[in-house]
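One file, upload.txt, carrying compact mmCIF, C-alpha atoms:
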```txt
# COMPACT_ATOMS: atom_id res chain seq x y z
CA MET A 1 48.25 -46.55 148.71
CA SER A 2 45.47 -46.71 146.15
CA PRO A 3 45.50 -44.20 143.27
CA PHE A 4 41.95 -43.35 144.26
CA PHE A 5 43.20 -42.31 147.69
CA PHE A 6 45.52 -39.75 146.12
CA PHE A 7 42.77 -38.61 143.79
CA VAL A 8 40.37 -38.07 146.69
CA GLN A 9 43.02 -36.13 148.61
CA LEU A 10 43.69 -34.05 145.52
CA LEU A 11 39.98 -33.22 145.25
CA ASN A 12 39.93 -32.30 148.94
CA ALA A 13 42.95 -30.05 148.41
CA VAL A 14 41.34 -28.28 145.45
CA GLN A 15 38.04 -27.85 147.32
CA TYR A 16 39.76 -26.42 150.40
CA GLY A 17 42.03 -24.23 148.31
CA LEU A 18 39.10 -22.77 146.38
CA ILE A 19 37.29 -21.90 149.61
CA LEU A 20 40.43 -20.09 150.79
CA TYR A 21 40.56 -18.28 147.45
CA LEU A 22 36.95 -17.14 147.79
CA VAL A 23 37.89 -15.46 151.06
CA ALA A 24 41.44 -14.34 150.28
CA SER A 25 40.64 -12.78 146.89
CA GLY A 26 38.50 -10.12 148.58
CA LEU A 27 41.25 -9.43 151.09
CA THR A 28 43.97 -9.16 148.46
CA LEU A 29 41.91 -6.72 146.40
CA LEU A 30 41.10 -4.67 149.49
CA LEU A 31 44.76 -4.50 150.44
CA GLY A 32 46.10 -4.14 146.91
CA ILE A 33 43.62 -1.52 145.66
CA MET A 34 42.55 0.43 148.73
CA GLY A 35 45.71 -0.17 150.71
CA VAL A 36 43.56 -1.12 153.72
CA ILE A 37 44.53 -3.80 156.23
CA ASN A 38 41.19 -5.27 157.23
CA LEU A 39 41.62 -7.65 160.16
CA ALA A 40 37.82 -8.03 160.32
CA HIS A 41 37.73 -9.91 157.02
CA GLY A 42 37.51 -13.25 158.82
CA ALA A 43 34.71 -11.92 161.01
CA PHE A 44 32.73 -11.01 157.86
CA TYR A 45 33.20 -14.62 156.74
CA MET A 46 31.69 -15.75 160.05
CA VAL A 47 28.79 -13.32 159.64
CA GLY A 48 28.00 -14.82 156.23
CA ALA A 49 28.01 -18.33 157.67
CA TYR A 50 25.65 -17.37 160.52
CA MET A 51 23.36 -15.55 158.09
CA ALA A 52 23.20 -18.71 155.99
CA PHE A 53 22.37 -20.73 159.12
CA ALA A 54 19.63 -18.30 160.19
CA ALA A 55 18.15 -18.19 156.69
CA VAL A 56 18.05 -22.00 156.47
CA GLN A 57 16.39 -22.22 159.89
CA HIS A 58 13.62 -19.80 158.94
CA LEU A 59 13.06 -20.81 155.32
CA ALA A 60 13.80 -24.54 155.67
CA SER A 61 15.26 -24.49 152.16
CA PHE A 62 18.90 -24.28 151.23
CA TRP A 63 18.20 -22.89 147.76
CA LEU A 64 15.97 -20.11 149.11
CA ALA A 65 18.27 -19.34 152.02
CA LEU A 66 21.45 -19.09 149.94
CA PRO A 67 20.56 -15.99 147.88
CA LEU A 68 18.93 -14.33 150.90
CA ALA A 69 22.02 -14.90 153.03
CA ILE A 70 24.23 -13.53 150.26
CA LEU A 71 22.06 -10.42 149.87
CA LEU A 72 22.05 -9.78 153.62
CA GLY A 73 25.82 -10.25 153.73
CA LEU A 74 26.30 -7.86 150.82
CA ALA A 75 24.08 -5.26 152.47
CA LEU A 76 26.05 -5.44 155.71
CA GLY A 77 29.35 -5.31 153.83
CA ALA A 78 28.15 -2.28 151.87
CA LEU A 79 27.19 -0.43 155.05
CA LEU A 80 30.50 -1.20 156.74
CA GLU A 81 32.44 -0.15 153.64
CA ARG A 82 30.46 3.06 153.26
CA PHE A 83 30.72 4.27 156.83
CA LEU A 84 33.91 2.65 158.13
CA LEU A 85 36.29 0.91 155.73
CA SER A 86 36.26 3.69 153.11
CA ARG A 87 37.45 6.11 155.79
CA LEU A 88 40.55 4.01 156.32
CA GLU A 89 41.88 4.72 152.83
CA GLY A 90 45.07 6.70 153.21
CA ALA A 91 45.12 6.26 157.00
CA ASP A 92 48.17 4.90 158.75
CA HIS A 93 48.32 1.15 159.31
CA LEU A 94 47.91 1.49 163.09
CA SER A 95 44.54 3.21 162.62
CA GLN A 96 43.45 0.51 160.17
CA VAL A 97 44.46 -2.28 162.54
CA LEU A 98 42.76 -0.68 165.55
CA LEU A 99 39.47 0.02 163.77
CA SER A 100 39.26 -3.40 162.12
CA PHE A 101 40.20 -5.12 165.39
CA GLY A 102 37.39 -3.19 167.06
CA LEU A 103 35.04 -4.52 164.39
CA ILE A 104 36.14 -8.06 165.24
CA LEU A 105 35.23 -7.54 168.89
CA ILE A 106 31.85 -6.00 168.02
CA ILE A 107 30.94 -8.70 165.49
CA ASN A 108 32.02 -11.55 167.79
CA GLU A 109 30.03 -10.14 170.70
CA GLY A 110 27.01 -9.58 168.47
CA GLN A 111 27.22 -13.19 167.31
CA ARG A 112 27.29 -14.45 170.90
CA ILE A 113 24.30 -12.30 171.89
CA ILE A 114 22.17 -13.41 168.93
CA PHE A 115 23.23 -17.03 168.40
CA GLY A 116 24.99 -18.05 171.61
CA ASN A 117 28.21 -20.00 171.97
CA ASP A 118 27.02 -23.38 170.69
CA PRO A 119 28.07 -24.63 167.25
CA HIS A 120 25.30 -25.12 164.68
CA GLY A 121 25.01 -27.31 161.63
CA ILE A 122 23.68 -26.61 158.15
CA GLU A 123 22.25 -29.62 156.38
CA VAL A 124 23.43 -30.40 152.89
CA PRO A 125 20.54 -29.89 150.43
CA GLN A 126 18.85 -33.09 149.36
CA ALA A 127 19.74 -32.51 145.71
CA LEU A 128 23.44 -32.72 146.63
CA ASN A 129 23.20 -35.20 149.49
CA PHE A 130 24.82 -38.14 147.73
CA SER A 131 28.26 -39.43 146.84
CA ILE A 132 29.79 -40.23 143.47
CA PRO A 133 31.48 -43.66 143.45
CA LEU A 134 35.08 -43.60 142.26
CA SER A 135 35.79 -47.26 142.92
CA GLU A 136 34.37 -50.13 144.95
CA THR A 137 35.75 -48.58 148.15
CA PHE A 138 35.98 -44.85 147.38
CA ALA A 139 33.22 -42.31 146.85
CA TYR A 140 33.24 -38.53 146.85
CA PRO A 141 30.45 -36.26 148.18
CA ALA A 142 28.62 -34.35 145.46
CA TYR A 143 28.39 -31.31 147.73
CA ARG A 144 32.18 -30.94 147.76
CA LEU A 145 32.17 -31.00 143.97
CA PHE A 146 29.49 -28.30 144.08
CA VAL A 147 31.82 -26.18 146.23
CA CYS A 148 34.63 -26.75 143.71
CA ALA A 149 32.34 -25.66 140.88
CA ILE A 150 31.46 -22.44 142.73
CA GLY A 151 35.12 -21.66 143.32
CA ILE A 152 36.14 -22.37 139.73
CA ALA A 153 33.26 -20.29 138.33
CA PHE A 154 34.14 -17.43 140.66
CA ALA A 155 37.81 -17.52 139.63
CA ILE A 156 36.90 -17.49 135.93
CA VAL A 157 34.41 -14.64 136.28
CA VAL A 158 36.80 -12.49 138.32
CA SER A 159 39.61 -13.15 135.85
CA LEU A 160 37.43 -12.13 132.90
CA VAL A 161 36.17 -9.02 134.69
CA MET A 162 39.70 -7.91 135.55
CA ALA A 163 41.09 -8.62 132.09
CA LYS A 164 38.24 -7.71 129.73
CA THR A 165 36.06 -5.03 131.27
CA ARG A 166 36.29 -1.32 131.97
CA ILE A 167 35.77 -1.97 135.67
CA GLY A 168 38.75 -4.34 135.66
CA MET A 169 40.87 -1.75 133.86
CA MET A 170 39.97 0.86 136.48
CA LEU A 171 40.71 -1.52 139.32
CA ARG A 172 44.11 -2.35 137.83
CA ALA A 173 44.86 1.33 137.40
CA SER A 174 43.93 2.00 141.01
CA ALA A 175 46.11 -0.88 142.16
CA GLU A 176 49.12 0.48 140.26
CA ASN A 177 48.74 4.11 141.34
CA ARG A 178 45.64 5.28 143.21
CA ALA A 179 46.60 8.97 143.16
CA MET A 180 47.28 9.00 139.41
CA ALA A 181 44.07 7.04 138.72
CA ARG A 182 42.07 9.68 140.58
CA ALA A 183 43.84 12.47 138.71
CA LEU A 184 42.71 10.83 135.46
CA GLY A 185 39.11 10.64 136.67
CA VAL A 186 39.04 7.04 137.87
CA ASN A 187 36.85 6.88 140.97
CA ALA A 188 37.78 3.46 142.31
CA LYS A 189 35.92 4.12 145.55
CA ARG A 190 32.61 3.63 143.74
CA MET A 191 33.64 0.13 142.85
CA TYR A 192 34.81 -0.97 146.26
CA LEU A 193 31.31 -2.13 147.17
CA GLY A 194 31.41 -4.58 144.29
CA VAL A 195 34.92 -5.69 145.17
CA LEU A 196 34.18 -6.19 148.86
CA ALA A 197 30.90 -7.91 148.10
CA GLY A 198 32.31 -10.13 145.36
CA VAL A 199 33.64 -12.82 147.68
CA THR A 200 31.08 -15.28 149.01
CA ALA A 201 32.05 -18.56 150.60
CA ALA A 202 29.90 -21.62 149.97
CA PRO A 203 27.77 -22.69 152.95
CA ILE A 204 29.74 -24.85 155.35
CA ALA A 205 28.76 -27.85 157.39
CA SER A 206 28.88 -26.09 160.76
CA VAL A 207 29.16 -22.57 162.16
CA TYR A 208 30.69 -21.69 165.50
CA PRO A 209 32.00 -18.67 167.44
CA GLY A 210 35.34 -17.36 166.26
CA MET A 211 35.32 -19.44 163.09
CA GLY A 212 36.69 -16.50 161.10
CA ASP A 213 39.94 -16.22 163.07
CA GLN A 214 41.71 -19.15 161.45
CA VAL A 215 40.34 -18.18 158.03
CA LEU A 216 41.79 -14.69 158.46
CA ILE A 217 45.24 -16.03 159.30
CA LEU A 218 45.23 -18.41 156.35
CA SER A 219 43.96 -15.65 154.06
CA PHE A 220 46.96 -13.50 154.95
CA VAL A 221 49.23 -16.49 154.33
CA VAL A 222 47.59 -16.91 150.91
CA ILE A 223 48.07 -13.30 149.83
CA VAL A 224 51.65 -13.19 151.10
CA LEU A 225 52.41 -16.41 149.24
CA GLY A 226 50.76 -15.24 146.03
CA GLY A 227 51.95 -11.63 146.11
CA ILE A 228 49.99 -8.82 147.71
CA GLY A 229 47.35 -7.48 145.31
CA SER A 230 47.65 -10.34 142.81
CA LEU A 231 44.50 -12.37 142.11
CA PRO A 232 46.33 -15.12 140.17
CA GLY A 233 48.79 -15.23 143.05
CA ALA A 234 45.94 -15.59 145.54
CA LEU A 235 44.57 -18.52 143.55
CA ALA A 236 47.99 -20.19 143.29
CA GLY A 237 48.71 -19.61 146.97
CA ALA A 238 45.32 -20.96 148.03
CA LEU A 239 45.70 -24.13 145.95
CA LEU A 240 49.22 -24.64 147.29
CA LEU A 241 47.99 -24.36 150.87
CA GLY A 242 45.16 -26.73 150.03
CA LEU A 243 47.64 -29.34 148.82
CA VAL A 244 49.91 -28.92 151.83
CA ASP A 245 47.01 -29.08 154.28
CA SER A 246 45.24 -32.04 152.70
CA PHE A 247 48.27 -34.29 152.21
CA GLY A 248 49.91 -33.04 155.40
CA LYS A 249 46.94 -34.19 157.49
CA GLN A 250 47.12 -37.62 155.90
CA PHE A 251 50.86 -38.28 156.10
CA PHE A 252 51.99 -35.99 158.95
CA PRO A 253 48.89 -35.33 161.08
CA ASN A 254 50.88 -34.04 164.07
CA PHE A 255 52.70 -31.48 161.93
CA ALA A 256 49.97 -30.46 159.47
CA ALA A 257 49.57 -26.93 160.85
CA PHE A 258 53.33 -26.44 160.93
CA LEU A 259 53.69 -27.56 157.31
CA VAL A 260 51.36 -24.76 156.11
CA TYR A 261 53.62 -22.08 157.53
CA ALA A 262 56.76 -23.98 156.55
CA ALA A 263 55.53 -23.90 152.95
CA MET A 264 55.06 -20.12 153.19
CA ILE A 265 58.58 -19.66 154.57
CA ALA A 266 60.08 -21.89 151.86
CA VAL A 267 58.35 -19.94 149.08
CA LEU A 268 59.34 -16.55 150.52
CA ILE A 269 62.99 -17.61 150.82
CA VAL A 270 63.03 -18.30 147.08
CA ARG A 271 60.63 -15.51 146.03
CA PRO A 272 60.33 -12.78 148.70
CA GLN A 273 57.73 -10.94 146.58
CA GLY A 274 55.50 -14.05 146.43
CA LEU A 275 54.65 -16.40 143.59
CA PHE A 276 53.30 -13.53 141.47
CA ARG A 277 54.24 -9.89 141.45
CA GLY A 278 51.51 -8.05 143.33
CA THR A 279 49.88 -5.72 140.82
CA GLY A 280 46.21 -6.33 141.54
CA THR A 281 45.77 -8.24 138.27
```
Before we go any further, please render this structure as structure tokens.
Amino acid sequence: MSPFFFFVQLLNAVQYGLILYLVASGLTLLLGIMGVINLAHGAFYMVGAYMAFAAVQHLASFWLALPLAILLGLALGALLERFLLSRLEGADHLSQVLLSFGLILIINEGQRIIFGNDPHGIEVPQALNFSIPLSETFAYPAYRLFVCAIGIAFAIVVSLVMAKTRIGMMLRASAENRAMARALGVNAKRMYLGVLAGVTAAPIASVYPGMGDQVLILSFVVIVLGGIGSLPGALAGALLLGLVDSFGKQFFPNFAAFLVYAAMIAVLIVRPQGLFRGTGT
């Protein structure tokens, strides 16, 4: 095996892990701060992908479509948080599961009505439509490196916000004790829009019905691995799953899906609370 082969697989693992982190970080904050189990999180991911597809189709420009798709996704997320998700705070888990599952059904049916059941592709922008040679036989797509850069920048910004800003302090306080934070005048609810809207996945190569289901499952695996409510844990768990998935598909293709869950079980046997203690920091 060439060293470049391992390097390419490592890059694939990091890229995939960072995409999982972009999705799972929003879910771990939602669960860790609001205490809400949102099964529709994967459906929101699908909505963002279809919005990106629709924007590209109408504007014929990736760079114009990207901010528009993000703004539309944020607006929809804000409306859903304002009128639905915020009402789940303090509700029993059964109510949270039922309402969010209902959202999945509504979003999936809306997607089928508007876009149909056929998969659709999003072209890579011309500025990133090239590969970087690593050797005479190996090259790596620049677009994947762009996705890695987005994920790394997002992780750094979120970490700085949580550690250095007043908003981060209030979020950590709400994660530790929501009732006490409110008693001290911390209104975390006002910041949930920013938290829910903070996670945006990079545009993907294709969009298809039900694409959020697998992402939702893996996002829950990530937050359980990392520790519920822990952003560093979500990052560590996502990168670990990326490594297991990337190398598993190369060396054990028939057992790749099994290895992901086997890794989760192995970690939880050693550390039942996850890789990091779930504190929302």
Exercise. From the list A:Val215, A:Ile104, A:Ala52, A:Leu20, which residue is nearest Ala155 in chain A when using all atoms listed in the file?
Worked result: A:Leu20
Exercise. By how many Å are CA of Tyr45 in chain A and CA of Ile265 in chain A apart?
Worked result: 26.0 Å
So that I can check the surroundings of Ala263 in chain A, please list as a PDB file with C-alpha atoms, keeping the file's coordinate frame every protein, DNA and RNA residue that reaches within 9 Å of it, counting only C-alpha atoms and ignoring chain neighbours fewer than 5 positions away.
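Output saved as out06.pdb:
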```pdb
ATOM      1  CA  LEU A 225      52.410 -16.410 149.240  1.00  0.00           C
ATOM      2  CA  LEU A 240      49.220 -24.640 147.290  1.00  0.00           C
ATOM      3  CA  LEU A 241      47.990 -24.360 150.870  1.00  0.00           C
ATOM      4  CA  VAL A 244      49.910 -28.920 151.830  1.00  0.00           C
ATOM      5  CA  PHE A 258      53.330 -26.440 160.930  1.00  0.00           C
ATOM      6  CA  LEU A 268      59.340 -16.550 150.520  1.00  0.00           C
TER       7      LEU A 268
END
```
Exercise. Of the candidates A:Phe247, A:Phe53, A:Phe7, A:Phe276, which shows the shortest atom-to-atom distance to Leu134 in chain A, using all atoms listed in the file?
Worked result: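 Checking each of A:Phe247, A:Phe53, A:Phe7, A:Phe276 against Leu134 in chain A, counting all atoms listed in the file, the winner is A:Phe7.
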For this session: Tell me, in Å to one decimal, how far CA of Tyr140 in chain A is from CA of Ser219 in chain A.
Result: 26.3 Å
Problem set entry | Nearest residue to Leu218 in chain A from the set A:Val14, A:Leu39, A:Val47, A:Ile114 (distances using all atoms listed in the file) | A:Leu39
Using only C-alpha atoms - which residues lie no farther than 12 Å from the point (38.1, -6.9, 166.9) in the file's frame? Write them as a PDB file with C-alpha atoms, keeping the file's coordinate frame.
```
ATOM      1  CA  ASN A  38      41.190  -5.270 157.230  1.00  0.00           C
ATOM      2  CA  LEU A  39      41.620  -7.650 160.160  1.00  0.00           C
ATOM      3  CA  ALA A  40      37.820  -8.030 160.320  1.00  0.00           C
ATOM      4  CA  HIS A  41      37.730  -9.910 157.020  1.00  0.00           C
ATOM      5  CA  GLY A  42      37.510 -13.250 158.820  1.00  0.00           C
ATOM      6  CA  ALA A  43      34.710 -11.920 161.010  1.00  0.00           C
ATOM      7  CA  PHE A  44      32.730 -11.010 157.860  1.00  0.00           C
ATOM      8  CA  GLN A  96      43.450   0.510 160.170  1.00  0.00           C
ATOM      9  CA  VAL A  97      44.460  -2.280 162.540  1.00  0.00           C
ATOM     10  CA  LEU A  98      42.760  -0.680 165.550  1.00  0.00           C
ATOM     11  CA  LEU A  99      39.470   0.020 163.770  1.00  0.00           C
ATOM     12  CA  SER A 100      39.260  -3.400 162.120  1.00  0.00           C
ATOM     13  CA  PHE A 101      40.200  -5.120 165.390  1.00  0.00           C
ATOM     14  CA  GLY A 102      37.390  -3.190 167.060  1.00  0.00           C
ATOM     15  CA  LEU A 103      35.040  -4.520 164.390  1.00  0.00           C
ATOM     16  CA  ILE A 104      36.140  -8.060 165.240  1.00  0.00           C
ATOM     17  CA  LEU A 105      35.230  -7.540 168.890  1.00  0.00           C
ATOM     18  CA  ILE A 106      31.850  -6.000 168.020  1.00  0.00           C
ATOM     19  CA  ILE A 107      30.940  -8.700 165.490  1.00  0.00           C
ATOM     20  CA  ASN A 108      32.020 -11.550 167.790  1.00  0.00           C
ATOM     21  CA  GLU A 109      30.030 -10.140 170.700  1.00  0.00           C
ATOM     22  CA  GLY A 110      27.010  -9.580 168.470  1.00  0.00           C
ATOM     23  CA  GLY A 210      35.340 -17.360 166.260  1.00  0.00           C
ATOM     24  CA  GLY A 212      36.690 -16.500 161.100  1.00  0.00           C
ATOM     25  CA  ASP A 213      39.940 -16.220 163.070  1.00  0.00           C
TER      26      ASP A 213
END
```
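With only C-alpha atoms taken into account, every residue lying no more than 12 Å from the file point (44.4, -41.4, 146.7) is included here: Met1, Ser2, Pro3, Phe4, Phe5, Phe6, Phe7, Val8, Gln9, Leu10, Leu11, Asn12, Ala13, Leu134, Ser135, Thr137, Phe138, Ala139, Tyr140, Ser246, Phe247, Gln250 and Phe251 of chain A.
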Exercise. To one decimal place, how far is CA of Gly229 in chain A from CA of Leu243 in chain A in Å?
Worked result: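 The value is 22.1 Å.
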Problem set entry | Of the listed residues A:Pro232, A:Gly242, A:Gly48, A:Gly274, that which approaches Ile156 in chain A most closely, counting only C-alpha atoms | A:Pro232
For this session: Mind checking which residues fall within 12 Å of Ala60 in chain A, counting all atoms listed in the file, ignoring those fewer than 3 positions away in the same chain, and posting them as a ChimeraX atom specification?
Result: /A:52-57,63-66,122-126
